[in-house]
file query_20.txt (compact mmCIF, C-alpha atoms)
# COMPACT_ATOMS: atom_id res chain seq x y z
CA MET A 1193 -154.06 6.55 -185.22
CA ALA A 1194 -151.25 4.59 -186.85
CA ASP A 1195 -148.73 5.95 -184.35
CA ALA A 1196 -150.92 4.88 -181.44
CA THR A 1197 -151.22 1.37 -182.87
CA LEU A 1198 -147.47 1.14 -183.43
CA ASP A 1199 -146.88 2.34 -179.87
CA GLU A 1200 -149.16 -0.37 -178.47
CA LEU A 1201 -147.54 -3.12 -180.52
CA ARG A 1202 -144.02 -2.08 -179.52
CA LYS A 1203 -144.92 -1.81 -175.84
CA GLU A 1204 -146.38 -5.33 -175.85
CA LEU A 1205 -143.22 -6.63 -177.53
CA ASP A 1206 -140.98 -4.82 -175.03
CA LEU A 1207 -142.97 -6.28 -172.12
CA GLY A 1208 -142.66 -9.79 -173.55
CA ARG A 1209 -146.41 -10.10 -174.09
CA GLY A 1210 -146.36 -9.48 -177.82
CA LYS A 1211 -146.31 -12.19 -180.46
CA SER A 1212 -143.51 -12.41 -182.99
CA VAL A 1213 -146.04 -11.68 -185.75
CA TYR A 1214 -146.35 -8.16 -184.30
CA HIS A 1215 -143.12 -7.32 -186.10
CA SER A 1216 -144.92 -8.09 -189.36
CA TYR A 1217 -147.87 -5.90 -188.30
CA ILE A 1218 -145.47 -3.03 -187.65
CA THR A 1219 -143.96 -3.44 -191.12
CA CYS A 1220 -147.43 -3.45 -192.71
CA ILE A 1221 -148.34 -0.22 -190.94
CA GLU A 1222 -145.07 1.65 -191.44
CA LYS A 1223 -144.22 0.55 -194.96
CA TYR A 1224 -147.69 0.35 -196.52
CA PHE A 1225 -150.59 1.80 -194.49
CA ILE A 1226 -148.95 5.09 -193.51
CA PRO A 1227 -147.50 5.97 -196.95
CA TYR A 1228 -150.76 5.19 -198.74
CA PHE A 1229 -153.45 6.29 -196.27
CA ALA A 1230 -151.61 9.21 -194.60
CA GLU A 1231 -153.98 11.85 -196.00
CA LYS A 1232 -157.18 9.79 -195.77
CA HIS A 1233 -159.79 9.43 -193.01
CA LEU A 1234 -160.47 5.86 -191.89
CA GLU A 1235 -164.22 6.38 -191.49
CA GLU A 1236 -164.50 7.69 -195.08
CA LEU A 1237 -162.78 4.77 -196.81
CA THR A 1238 -164.76 2.74 -199.33
CA HIS A 1239 -164.31 -0.71 -200.80
CA ALA A 1240 -162.88 0.93 -203.94
CA ASP A 1241 -160.20 2.62 -201.80
CA ILE A 1242 -159.16 -0.76 -200.39
CA VAL A 1243 -159.00 -2.31 -203.86
CA GLU A 1244 -156.79 0.56 -205.05
CA PHE A 1245 -154.56 0.15 -202.00
CA GLU A 1246 -154.14 -3.58 -202.59
CA LEU A 1247 -153.17 -3.00 -206.20
CA TRP A 1248 -150.62 -0.38 -205.11
CA ARG A 1249 -149.26 -2.67 -202.39
CA ASN A 1250 -148.79 -5.53 -204.83
CA ARG A 1251 -146.89 -3.23 -207.18
CA GLN A 1252 -144.69 -2.13 -204.29
CA MET A 1253 -144.00 -5.75 -203.37
CA ALA A 1254 -143.44 -6.65 -207.05
CA LYS A 1255 -145.29 -9.93 -206.52
CA LEU A 1256 -148.63 -11.45 -205.59
CA PRO A 1257 -148.55 -11.95 -201.81
CA LYS A 1258 -149.27 -15.34 -200.31
CA ALA A 1259 -152.31 -15.98 -198.15
CA SER A 1260 -150.19 -15.90 -194.98
CA THR A 1261 -148.88 -12.43 -195.90
CA LEU A 1262 -152.41 -11.18 -196.61
CA ASN A 1263 -153.53 -12.51 -193.24
CA ASN A 1264 -150.83 -10.39 -191.60
CA PHE A 1265 -152.02 -7.31 -193.50
CA ALA A 1266 -155.64 -8.00 -192.54
CA SER A 1267 -154.73 -8.54 -188.88
CA ALA A 1268 -152.63 -5.36 -188.77
CA TRP A 1269 -155.55 -3.45 -190.34
CA SER A 1270 -158.00 -4.89 -187.79
CA ARG A 1271 -155.67 -3.93 -184.96
CA LEU A 1272 -155.45 -0.37 -186.28
CA CYS A 1273 -159.25 -0.15 -186.52
CA SER A 1274 -159.67 -1.55 -183.00
CA VAL A 1275 -157.32 1.06 -181.59
CA ALA A 1276 -159.26 3.83 -183.34
CA ILE A 1277 -162.57 2.55 -181.97
CA GLY A 1278 -161.15 1.86 -178.51
CA ARG A 1279 -159.86 5.41 -178.18
CA GLY A 1280 -163.11 6.93 -179.38
CA TRP A 1281 -161.70 8.37 -182.59
CA ILE A 1282 -164.36 6.67 -184.68
CA SER A 1283 -167.65 5.01 -183.82
CA GLU A 1284 -167.91 1.24 -183.69
CA ARG A 1285 -170.99 1.60 -185.90
CA VAL A 1286 -168.86 2.85 -188.80
CA ALA A 1287 -168.53 0.14 -191.48
CA ILE A 1288 -164.82 0.04 -192.23
CA PRO A 1289 -164.00 -2.10 -195.31
CA LYS A 1290 -161.72 -5.07 -194.69
CA LEU A 1291 -158.63 -6.19 -196.55
CA SER A 1292 -158.61 -9.30 -198.71
CA THR A 1293 -157.10 -12.50 -197.30
CA ARG A 1294 -157.24 -14.57 -200.48
CA GLY A 1295 -153.77 -15.01 -201.93
CA GLN A 1296 -151.45 -17.59 -203.39
CA LYS A 1297 -151.25 -20.77 -201.40
CA SER A 1298 -148.15 -21.11 -199.25
CA ILE A 1299 -145.60 -23.69 -200.30
CA ALA A 1300 -144.99 -26.41 -197.75
CA ARG A 1301 -141.73 -25.94 -195.89
CA PRO A 1302 -139.13 -28.59 -196.63
CA ALA A 1303 -138.73 -31.31 -194.02
CA PHE A 1304 -135.63 -33.28 -193.10
CA SER A 1305 -135.49 -37.02 -193.69
CA ARG A 1306 -134.80 -39.36 -190.77
CA ALA A 1307 -131.25 -39.92 -192.03
CA GLU A 1308 -130.65 -36.16 -192.29
CA ILE A 1309 -131.92 -35.62 -188.75
CA GLU A 1310 -129.64 -38.32 -187.35
CA ALA A 1311 -126.69 -36.79 -189.22
CA LEU A 1312 -127.58 -33.31 -187.95
CA LEU A 1313 -127.82 -34.47 -184.34
CA VAL A 1314 -124.36 -36.03 -184.54
CA TYR A 1315 -122.87 -33.02 -186.32
CA MET A 1316 -124.18 -30.53 -183.75
CA VAL A 1317 -122.32 -32.18 -180.88
CA GLU A 1318 -118.90 -30.94 -182.05
CA TRP A 1319 -120.19 -27.91 -183.94
CA SER A 1320 -121.77 -26.53 -180.76
CA LYS A 1321 -118.39 -26.57 -178.99
CA GLN A 1322 -116.73 -24.39 -181.62
CA GLY A 1323 -116.80 -20.63 -182.14
CA ARG A 1324 -114.13 -17.97 -182.28
CA LEU A 1325 -116.10 -15.22 -180.51
CA ALA A 1326 -117.62 -15.39 -177.04
CA VAL A 1327 -121.12 -14.82 -178.42
CA GLU A 1328 -120.68 -17.77 -180.81
CA ARG A 1329 -119.70 -19.99 -177.89
CA GLU A 1330 -123.00 -19.03 -176.28
CA MET A 1331 -125.18 -19.19 -179.40
CA ARG A 1332 -124.05 -22.54 -180.74
CA PRO A 1333 -124.86 -24.73 -177.72
CA LEU A 1334 -128.10 -22.80 -177.23
CA LEU A 1335 -129.09 -23.42 -180.85
CA ARG A 1336 -128.29 -27.12 -180.51
CA ASP A 1337 -130.68 -27.37 -177.54
CA TYR A 1338 -133.30 -25.28 -179.32
CA VAL A 1339 -133.17 -27.42 -182.48
CA GLU A 1340 -133.43 -30.66 -180.53
CA MET A 1341 -136.35 -29.39 -178.45
CA LEU A 1342 -138.26 -28.36 -181.58
CA LEU A 1343 -137.68 -31.80 -183.06
CA LEU A 1344 -138.75 -33.53 -179.84
CA THR A 1345 -141.97 -31.57 -179.32
CA GLY A 1346 -143.22 -30.05 -182.59
CA MET A 1347 -143.68 -26.67 -180.88
CA ARG A 1348 -143.60 -23.52 -182.97
CA HIS A 1349 -140.31 -21.71 -183.43
CA GLY A 1350 -140.36 -18.13 -182.18
CA THR A 1351 -142.81 -16.75 -179.61
CA GLU A 1352 -144.10 -20.16 -178.59
CA ALA A 1353 -140.69 -21.73 -177.93
CA LEU A 1354 -138.80 -18.65 -176.73
CA GLY A 1355 -141.59 -17.79 -174.29
CA ILE A 1356 -141.13 -20.98 -172.27
CA CYS A 1357 -139.96 -20.53 -168.68
CA TRP A 1358 -138.80 -23.26 -166.29
CA LYS A 1359 -142.12 -22.93 -164.45
CA HIS A 1360 -143.90 -24.15 -167.59
CA ILE A 1361 -142.23 -27.58 -167.39
CA GLU A 1362 -143.43 -30.39 -165.15
CA TRP A 1363 -143.66 -34.14 -164.80
CA HIS A 1364 -146.94 -35.83 -165.68
CA THR A 1365 -147.46 -39.41 -164.49
CA ASP A 1366 -149.85 -41.78 -166.22
CA LYS A 1367 -150.12 -45.48 -165.38
CA GLY A 1368 -146.82 -45.40 -163.54
CA VAL A 1369 -144.88 -43.74 -166.40
CA ARG A 1370 -143.47 -40.22 -166.09
CA TYR A 1371 -143.85 -37.92 -169.06
CA LEU A 1372 -142.38 -34.46 -169.55
CA ARG A 1373 -145.16 -31.93 -170.00
CA ILE A 1374 -144.57 -28.37 -171.28
CA TRP A 1375 -146.99 -25.45 -171.35
CA VAL A 1376 -146.65 -23.27 -174.46
CA ASN A 1377 -148.55 -20.17 -175.49
CA GLY A 1378 -148.38 -18.77 -178.99
CA LYS A 1379 -150.27 -18.33 -182.23
CA THR A 1380 -153.30 -20.44 -181.25
CA GLY A 1381 -153.32 -19.80 -177.51
CA GLY A 1382 -152.03 -21.95 -174.66
CA ARG A 1383 -151.79 -25.73 -174.53
CA TRP A 1384 -149.92 -28.57 -172.84
CA LEU A 1385 -147.71 -30.71 -175.05
CA ILE A 1386 -145.78 -33.89 -174.30
CA ALA A 1387 -142.07 -33.96 -175.05
CA LYS A 1388 -140.21 -37.09 -176.08
CA HIS A 1389 -138.26 -38.69 -173.25
CA ARG A 1390 -134.95 -37.57 -174.80
CA ALA A 1391 -135.94 -33.94 -174.14
CA VAL A 1392 -134.82 -34.45 -170.54
CA ASP A 1393 -131.20 -34.53 -171.77
CA VAL A 1394 -131.74 -31.19 -173.52
CA LEU A 1395 -133.19 -29.64 -170.36
CA LYS A 1396 -130.31 -30.93 -168.27
CA ARG A 1397 -127.79 -29.32 -170.63
CA LEU A 1398 -129.62 -26.00 -170.41
CA HIS A 1399 -129.79 -26.30 -166.63
CA SER A 1400 -126.08 -27.05 -166.32
CA ARG A 1401 -125.08 -23.89 -168.24
CA GLN A 1402 -127.36 -21.33 -166.60
CA GLN A 1403 -125.67 -19.45 -163.78
CA ALA A 1404 -128.95 -18.60 -162.04
CA HIS A 1405 -129.40 -22.27 -161.19
CA ASN A 1406 -125.96 -23.04 -159.82
CA GLY A 1407 -126.28 -25.34 -156.84
CA ILE A 1408 -129.87 -26.33 -157.64
CA GLU A 1409 -130.48 -29.94 -158.65
CA PHE A 1410 -132.42 -30.51 -161.86
CA GLU A 1411 -135.44 -32.15 -160.19
CA GLN A 1412 -135.54 -29.39 -157.60
CA LEU A 1413 -135.49 -26.76 -160.34
CA LEU A 1414 -138.65 -28.22 -161.87
CA LYS A 1415 -140.34 -28.20 -158.46
CA GLU A 1416 -139.41 -24.57 -157.77
CA ARG A 1417 -141.22 -23.39 -160.93
CA THR A 1418 -138.93 -20.41 -161.47
CA ALA A 1419 -139.92 -17.70 -163.95
CA HIS A 1420 -136.50 -17.71 -165.65
CA LYS A 1421 -136.65 -18.23 -169.43
CA LEU A 1422 -135.62 -21.67 -170.69
CA PHE A 1423 -133.60 -20.75 -173.80
CA THR A 1424 -130.95 -18.30 -172.59
CA PHE A 1425 -127.21 -17.68 -172.43
CA THR A 1426 -125.34 -18.59 -169.26
CA ASP A 1427 -126.07 -15.13 -167.78
CA GLY A 1428 -129.83 -15.32 -168.46
CA TYR A 1429 -129.86 -13.20 -171.63
CA GLN A 1430 -132.17 -14.45 -174.37
CA PRO A 1431 -131.13 -13.50 -177.92
CA PRO A 1432 -134.03 -12.08 -179.95
CA SER A 1433 -133.45 -14.49 -182.84
CA LEU A 1434 -131.64 -17.73 -183.62
CA ASN A 1435 -132.31 -17.61 -187.36
CA GLY A 1436 -128.86 -16.39 -188.41
CA THR A 1437 -127.03 -19.03 -186.38
CA PHE A 1438 -129.34 -21.71 -187.76
CA ARG A 1439 -128.53 -20.65 -191.33
CA ARG A 1440 -124.84 -20.95 -190.45
CA LEU A 1441 -125.45 -24.43 -189.04
CA MET A 1442 -127.24 -25.46 -192.22
CA ARG A 1443 -124.41 -24.22 -194.42
CA ASP A 1444 -121.73 -25.85 -192.27
CA SER A 1445 -123.54 -29.18 -192.12
CA GLY A 1446 -124.38 -29.26 -195.83
CA LEU A 1447 -128.11 -29.49 -195.08
CA GLU A 1448 -129.08 -25.99 -196.17
CA LYS A 1449 -131.29 -27.15 -199.04
CA SER A 1450 -133.75 -29.99 -199.44
CA GLU A 1451 -133.70 -32.40 -202.37
CA ASP A 1452 -135.92 -30.05 -204.39
CA GLY A 1453 -133.66 -27.06 -203.71
CA LYS A 1454 -135.71 -25.30 -201.02
CA ASN A 1455 -133.91 -23.58 -198.16
CA ARG A 1456 -134.36 -25.15 -194.72
CA THR A 1457 -135.47 -22.86 -191.90
CA LEU A 1458 -136.22 -23.39 -188.23
CA TYR A 1459 -139.85 -23.91 -189.24
CA SER A 1460 -138.70 -26.99 -191.18
CA LEU A 1461 -138.14 -28.71 -187.83
CA ARG A 1462 -141.84 -28.48 -186.96
CA HIS A 1463 -142.75 -29.84 -190.39
CA THR A 1464 -140.25 -32.65 -189.82
CA TYR A 1465 -141.79 -33.50 -186.44
CA ALA A 1466 -145.27 -33.79 -187.98
CA THR A 1467 -144.02 -35.85 -190.91
CA LEU A 1468 -142.12 -38.34 -188.75
CA GLU A 1469 -145.00 -38.67 -186.29
CA LEU A 1470 -147.37 -39.59 -189.09
CA ILE A 1471 -144.98 -41.90 -190.97
CA GLU A 1472 -142.93 -43.57 -188.23
CA ASN A 1473 -145.07 -43.43 -185.10
CA ASP A 1474 -148.51 -43.82 -186.68
CA THR A 1475 -149.79 -40.92 -184.57
CA ASN A 1476 -153.39 -40.16 -185.47
CA VAL A 1477 -154.31 -36.77 -186.89
CA HIS A 1478 -156.47 -35.78 -183.91
CA THR A 1479 -153.68 -36.41 -181.38
CA LEU A 1480 -151.13 -34.65 -183.57
CA SER A 1481 -153.36 -31.59 -183.95
CA LYS A 1482 -153.68 -31.29 -180.14
CA GLN A 1483 -149.92 -31.60 -179.71
CA MET A 1484 -149.07 -29.05 -182.39
CA GLY A 1485 -151.86 -26.56 -181.75
CA ASN A 1486 -153.43 -26.92 -185.20
CA SER A 1487 -156.88 -28.06 -186.24
CA SER A 1488 -157.31 -31.61 -187.49
CA ALA A 1489 -158.52 -30.15 -190.79
CA MET A 1490 -155.29 -28.21 -191.19
CA ILE A 1491 -153.19 -31.31 -190.49
CA GLU A 1492 -155.23 -33.25 -193.02
CA ARG A 1493 -154.87 -30.48 -195.59
CA HIS A 1494 -151.10 -30.13 -195.27
CA TYR A 1495 -150.27 -33.81 -194.85
CA SER A 1496 -153.05 -35.50 -196.83
CA LYS A 1497 -150.57 -37.28 -199.12
CA LEU A 1498 -148.76 -38.74 -196.14
CA THR A 1499 -151.91 -39.95 -194.40
CA ALA A 1500 -153.09 -41.68 -197.59
CA THR A 1501 -149.70 -43.37 -198.01
CA MET A 1502 -149.73 -44.53 -194.40
CA ALA A 1503 -153.01 -46.34 -195.01
CA ALA A 1504 -151.77 -48.01 -198.19
CA HIS A 1505 -151.37 -51.43 -196.57
CA ARG A 1506 -155.00 -51.25 -195.41
CA LEU A 1507 -156.33 -49.90 -198.69
CA ALA A 1508 -154.46 -52.19 -201.11
call {"tool": "encode", "arguments": {"input": "query_20.txt", "output": "structure tokens"}}
result
Amino acid sequence: MADATLDELRKELDLGRGKSVYHSYITCIEKYFIPYFAEKHLEELTHADIVEFELWRNRQMAKLPKASTLNNFASAWSRLCSVAIGRGWISERVAIPKLSTRGQKSIARPAFSRAEIEALLVYMVEWSKQGRLAVEREMRPLLRDYVEMLLLTGMRHGTEALGICWKHIEWHTDKGVRYLRIWVNGKTGGRWLIAKHRAVDVLKRLHSRQQAHNGIEFEQLLKERTAHKLFTFTDGYQPPSLNGTFRRLMRDSGLEKSEDGKNRTLYSLRHTYATLELIENDTNVHTLSKQMGNSSAMIERHYSKLTATMAAHRLA
């Protein structure tokens, strides 16, 4: 049962249809479900068995897991149960106890200030041209474009951003003004988002480096709607992760930690986008939630202090 679920998850990842969170599901199954439940029958499990498992898991982790981690465990468990039911190994009428999803609240990821972002953008220009190894000379300019695109759109790092193909990018005209529109598909499904005008420069850099598009003008490339991935090396290869190179960039630029000592990650760029939209551009919560693929309630919950501060001049 567990092996069949793992096989399905890995096949979806190999075919490019799987979400990045599937890697977490695989870890949950291999490291926790299999060792603990190996000799047990799914249809015979009780609520007490689940409670005992969760206590054992927490001891193995040596900490109380956050809500986001528990959600991954619960989703991996649901996937395993669905596979068992789908293959006829157990009846759908069997009441299988669920895992808890109530954990410690996640700590907000540290954002960059406007001054830090401007400094980073300048620093990346020369940094992206450096690199002793050939792979570094590919990774650095790619990371620069990736970082800028995240900052200019608010899209999610990982599956959502890395899944973009050239065919997902198009011009949208409204009242005589052209806007760059990008289709993304990730954690919360598919949606169109609008990129800042400066994103065109990022796309043109990517276009100029990719060998598959030699001889094709930029505007023509958008019209052809090719299925080639957007974020790739010159030969079309897409690295599975940019996290390590981003950590190197943070160390080199001196921006690795925020003022309160938290490590910056690629997810910090999305948090920065939301923060700057609310503070500098006065973007309303409803519009921002559509752009970022979150609910308005979630935006309000995570950025409630900012939205109250923005209204200070109206409230005072």
call {"tool": "atom_distance", "arguments": {"input": "query_20.txt", "atom1": "atom CA of A:Val1392", "atom2": "atom CA of A:Asp1474"}}
result
23.1 Å
call {"tool": "residues_around", "arguments": {"input": "query_20.txt", "residues": "A:Pro1289", "least_positions_apart": "3", "cutoff": "8 Å", "atoms": "only C-alpha atoms", "output": "PDB file with C-alpha atoms, in the frame of the given file"}}
result
ATOM      1  CA  LEU A1237    -162.780   4.770-196.810  1.00  0.00           C
ATOM      2  CA  THR A1238    -164.760   2.740-199.330  1.00  0.00           C
ATOM      3  CA  HIS A1239    -164.310  -0.710-200.800  1.00  0.00           C
ATOM      4  CA  ILE A1242    -159.160  -0.760-200.390  1.00  0.00           C
TER       5      ILE A1242
END
call {"tool": "residues_around", "arguments": {"input": "query_20.txt", "residues": "A:Lys1421", "least_positions_apart": "5", "cutoff": "8 Å", "atoms": "only C-alpha atoms", "output": "PDB file with C-alpha atoms, in the frame of the given file"}}
result
ATOM      1  CA  LEU A1354    -138.800 -18.650-176.730  1.00  0.00           C
ATOM      2  CA  GLY A1355    -141.590 -17.790-174.290  1.00  0.00           C
ATOM      3  CA  ILE A1356    -141.130 -20.980-172.270  1.00  0.00           C
ATOM      4  CA  CYS A1357    -139.960 -20.530-168.680  1.00  0.00           C
ATOM      5  CA  TRP A1358    -138.800 -23.260-166.290  1.00  0.00           C
ATOM      6  CA  GLY A1428    -129.830 -15.320-168.460  1.00  0.00           C
ATOM      7  CA  GLN A1430    -132.170 -14.450-174.370  1.00  0.00           C
TER       8      GLN A1430
END
call {"tool": "closest_residue", "arguments": {"input": "query_20.txt", "among": "A:Leu1447, A:Leu1247, A:Leu1343, A:Met1253", "to": "A:Leu1312", "atoms": "only C-alpha atoms"}}
result
A:Leu1447
call {"tool": "atom_distance", "arguments": {"input": "query_20.txt", "atom1": "atom CA of A:Leu1291", "atom2": "atom CA of A:Leu1256"}}
result
14.5 Å
call {"tool": "build_atoms", "arguments": {"input": "query_20.txt", "residues": "stretch 1448-1458 of chain A", "atoms": "all heavy atoms", "output": "PDB file, in the coordinates of the input"}}
result
ATOM      1  N   GLU A1448    -128.379 -27.255-195.956  1.00  0.00           N
ATOM      2  CA  GLU A1448    -129.080 -25.990-196.170  1.00  0.00           C
ATOM      3  C   GLU A1448    -130.292 -26.148-197.077  1.00  0.00           C
ATOM      4  O   GLU A1448    -131.325 -25.514-196.856  1.00  0.00           O
ATOM      5  CB  GLU A1448    -128.120 -24.964-196.773  1.00  0.00           C
ATOM      6  CG  GLU A1448    -128.723 -23.583-196.932  1.00  0.00           C
ATOM      7  CD  GLU A1448    -127.701 -22.581-197.444  1.00  0.00           C
ATOM      8  OE1 GLU A1448    -126.636 -23.008-197.937  1.00  0.00           O
ATOM      9  OE2 GLU A1448    -127.972 -21.378-197.352  1.00  0.00           O
ATOM     10  N   LYS A1449    -130.194 -27.004-198.079  1.00  0.00           N
ATOM     11  CA  LYS A1449    -131.290 -27.150-199.040  1.00  0.00           C
ATOM     12  C   LYS A1449    -131.832 -28.578-199.047  1.00  0.00           C
ATOM     13  O   LYS A1449    -131.096 -29.539-198.829  1.00  0.00           O
ATOM     14  CB  LYS A1449    -130.825 -26.767-200.441  1.00  0.00           C
ATOM     15  CG  LYS A1449    -130.475 -25.287-200.593  1.00  0.00           C
ATOM     16  CD  LYS A1449    -130.132 -24.941-202.023  1.00  0.00           C
ATOM     17  CE  LYS A1449    -129.777 -23.475-202.183  1.00  0.00           C
ATOM     18  NZ  LYS A1449    -130.940 -22.597-201.941  1.00  0.00           N
ATOM     19  N   SER A1450    -133.116 -28.676-199.311  1.00  0.00           N
ATOM     20  CA  SER A1450    -133.750 -29.990-199.440  1.00  0.00           C
ATOM     21  C   SER A1450    -133.460 -30.555-200.824  1.00  0.00           C
ATOM     22  O   SER A1450    -132.834 -29.900-201.656  1.00  0.00           O
ATOM     23  CB  SER A1450    -135.263 -29.853-199.234  1.00  0.00           C
ATOM     24  OG  SER A1450    -135.811 -29.004-200.230  1.00  0.00           O
ATOM     25  N   GLU A1451    -133.956 -31.751-201.082  1.00  0.00           N
ATOM     26  CA  GLU A1451    -133.700 -32.400-202.370  1.00  0.00           C
ATOM     27  C   GLU A1451    -134.255 -31.578-203.543  1.00  0.00           C
ATOM     28  O   GLU A1451    -133.703 -31.609-204.643  1.00  0.00           O
ATOM     29  CB  GLU A1451    -134.323 -33.795-202.390  1.00  0.00           C
ATOM     30  CG  GLU A1451    -133.570 -34.805-201.521  1.00  0.00           C
ATOM     31  CD  GLU A1451    -134.154 -36.203-201.671  1.00  0.00           C
ATOM     32  OE1 GLU A1451    -135.176 -36.336-202.379  1.00  0.00           O
ATOM     33  OE2 GLU A1451    -133.602 -37.142-201.084  1.00  0.00           O
ATOM     34  N   ASP A1452    -135.340 -30.847-203.302  1.00  0.00           N
ATOM     35  CA  ASP A1452    -135.920 -30.050-204.390  1.00  0.00           C
ATOM     36  C   ASP A1452    -135.412 -28.609-204.385  1.00  0.00           C
ATOM     37  O   ASP A1452    -135.995 -27.730-205.027  1.00  0.00           O
ATOM     38  CB  ASP A1452    -137.447 -30.071-204.328  1.00  0.00           C
ATOM     39  CG  ASP A1452    -137.977 -29.649-202.971  1.00  0.00           C
ATOM     40  OD1 ASP A1452    -137.161 -29.311-202.086  1.00  0.00           O
ATOM     41  OD2 ASP A1452    -139.213 -29.648-202.789  1.00  0.00           O
ATOM     42  N   GLY A1453    -134.318 -28.358-203.651  1.00  0.00           N
ATOM     43  CA  GLY A1453    -133.660 -27.060-203.710  1.00  0.00           C
ATOM     44  C   GLY A1453    -134.221 -25.975-202.818  1.00  0.00           C
ATOM     45  O   GLY A1453    -133.817 -24.814-202.917  1.00  0.00           O
ATOM     46  N   LYS A1454    -135.128 -26.307-201.919  1.00  0.00           N
ATOM     47  CA  LYS A1454    -135.710 -25.300-201.020  1.00  0.00           C
ATOM     48  C   LYS A1454    -134.815 -25.110-199.791  1.00  0.00           C
ATOM     49  O   LYS A1454    -134.241 -26.078-199.270  1.00  0.00           O
ATOM     50  CB  LYS A1454    -137.101 -25.738-200.558  1.00  0.00           C
ATOM     51  CG  LYS A1454    -138.116 -25.832-201.692  1.00  0.00           C
ATOM     52  CD  LYS A1454    -139.436 -26.354-201.175  1.00  0.00           C
ATOM     53  CE  LYS A1454    -140.436 -26.561-202.320  1.00  0.00           C
ATOM     54  NZ  LYS A1454    -141.696 -27.190-201.834  1.00  0.00           N
ATOM     55  N   ASN A1455    -134.713 -23.872-199.344  1.00  0.00           N
ATOM     56  CA  ASN A1455    -133.910 -23.580-198.160  1.00  0.00           C
ATOM     57  C   ASN A1455    -134.599 -24.074-196.892  1.00  0.00           C
ATOM     58  O   ASN A1455    -135.792 -23.848-196.698  1.00  0.00           O
ATOM     59  CB  ASN A1455    -133.668 -22.070-198.033  1.00  0.00           C
ATOM     60  CG  ASN A1455    -132.691 -21.561-199.070  1.00  0.00           C
ATOM     61  OD1 ASN A1455    -131.766 -22.272-199.465  1.00  0.00           O
ATOM     62  ND2 ASN A1455    -132.890 -20.342-199.531  1.00  0.00           N
ATOM     63  N   ARG A1456    -133.831 -24.729-196.022  1.00  0.00           N
ATOM     64  CA  ARG A1456    -134.360 -25.150-194.720  1.00  0.00           C
ATOM     65  C   ARG A1456    -134.358 -23.958-193.761  1.00  0.00           C
ATOM     66  O   ARG A1456    -133.442 -23.146-193.769  1.00  0.00           O
ATOM     67  CB  ARG A1456    -133.477 -26.251-194.143  1.00  0.00           C
ATOM     68  CG  ARG A1456    -133.977 -27.693-194.306  1.00  0.00           C
ATOM     69  CD  ARG A1456    -133.810 -28.208-195.716  1.00  0.00           C
ATOM     70  NE  ARG A1456    -134.227 -29.604-195.845  1.00  0.00           N
ATOM     71  CZ  ARG A1456    -133.370 -30.622-195.932  1.00  0.00           C
ATOM     72  NH1 ARG A1456    -132.071 -30.409-195.869  1.00  0.00           N
ATOM     73  NH2 ARG A1456    -133.826 -31.859-196.076  1.00  0.00           N
ATOM     74  N   THR A1457    -135.390 -23.872-192.941  1.00  0.00           N
ATOM     75  CA  THR A1457    -135.470 -22.860-191.900  1.00  0.00           C
ATOM     76  C   THR A1457    -135.806 -23.560-190.589  1.00  0.00           C
ATOM     77  O   THR A1457    -136.063 -24.771-190.565  1.00  0.00           O
ATOM     78  CB  THR A1457    -136.548 -21.811-192.203  1.00  0.00           C
ATOM     79  OG1 THR A1457    -137.846 -22.423-192.082  1.00  0.00           O
ATOM     80  CG2 THR A1457    -136.388 -21.233-193.603  1.00  0.00           C
ATOM     81  N   LEU A1458    -135.841 -22.797-189.518  1.00  0.00           N
ATOM     82  CA  LEU A1458    -136.220 -23.390-188.230  1.00  0.00           C
ATOM     83  C   LEU A1458    -137.638 -23.943-188.262  1.00  0.00           C
ATOM     84  O   LEU A1458    -137.959 -24.888-187.542  1.00  0.00           O
ATOM     85  CB  LEU A1458    -136.086 -22.349-187.111  1.00  0.00           C
ATOM     86  CG  LEU A1458    -134.651 -22.136-186.599  1.00  0.00           C
ATOM     87  CD1 LEU A1458    -134.541 -20.841-185.807  1.00  0.00           C
ATOM     88  CD2 LEU A1458    -134.200 -23.318-185.741  1.00  0.00           C
TER      89      LEU A1458
END
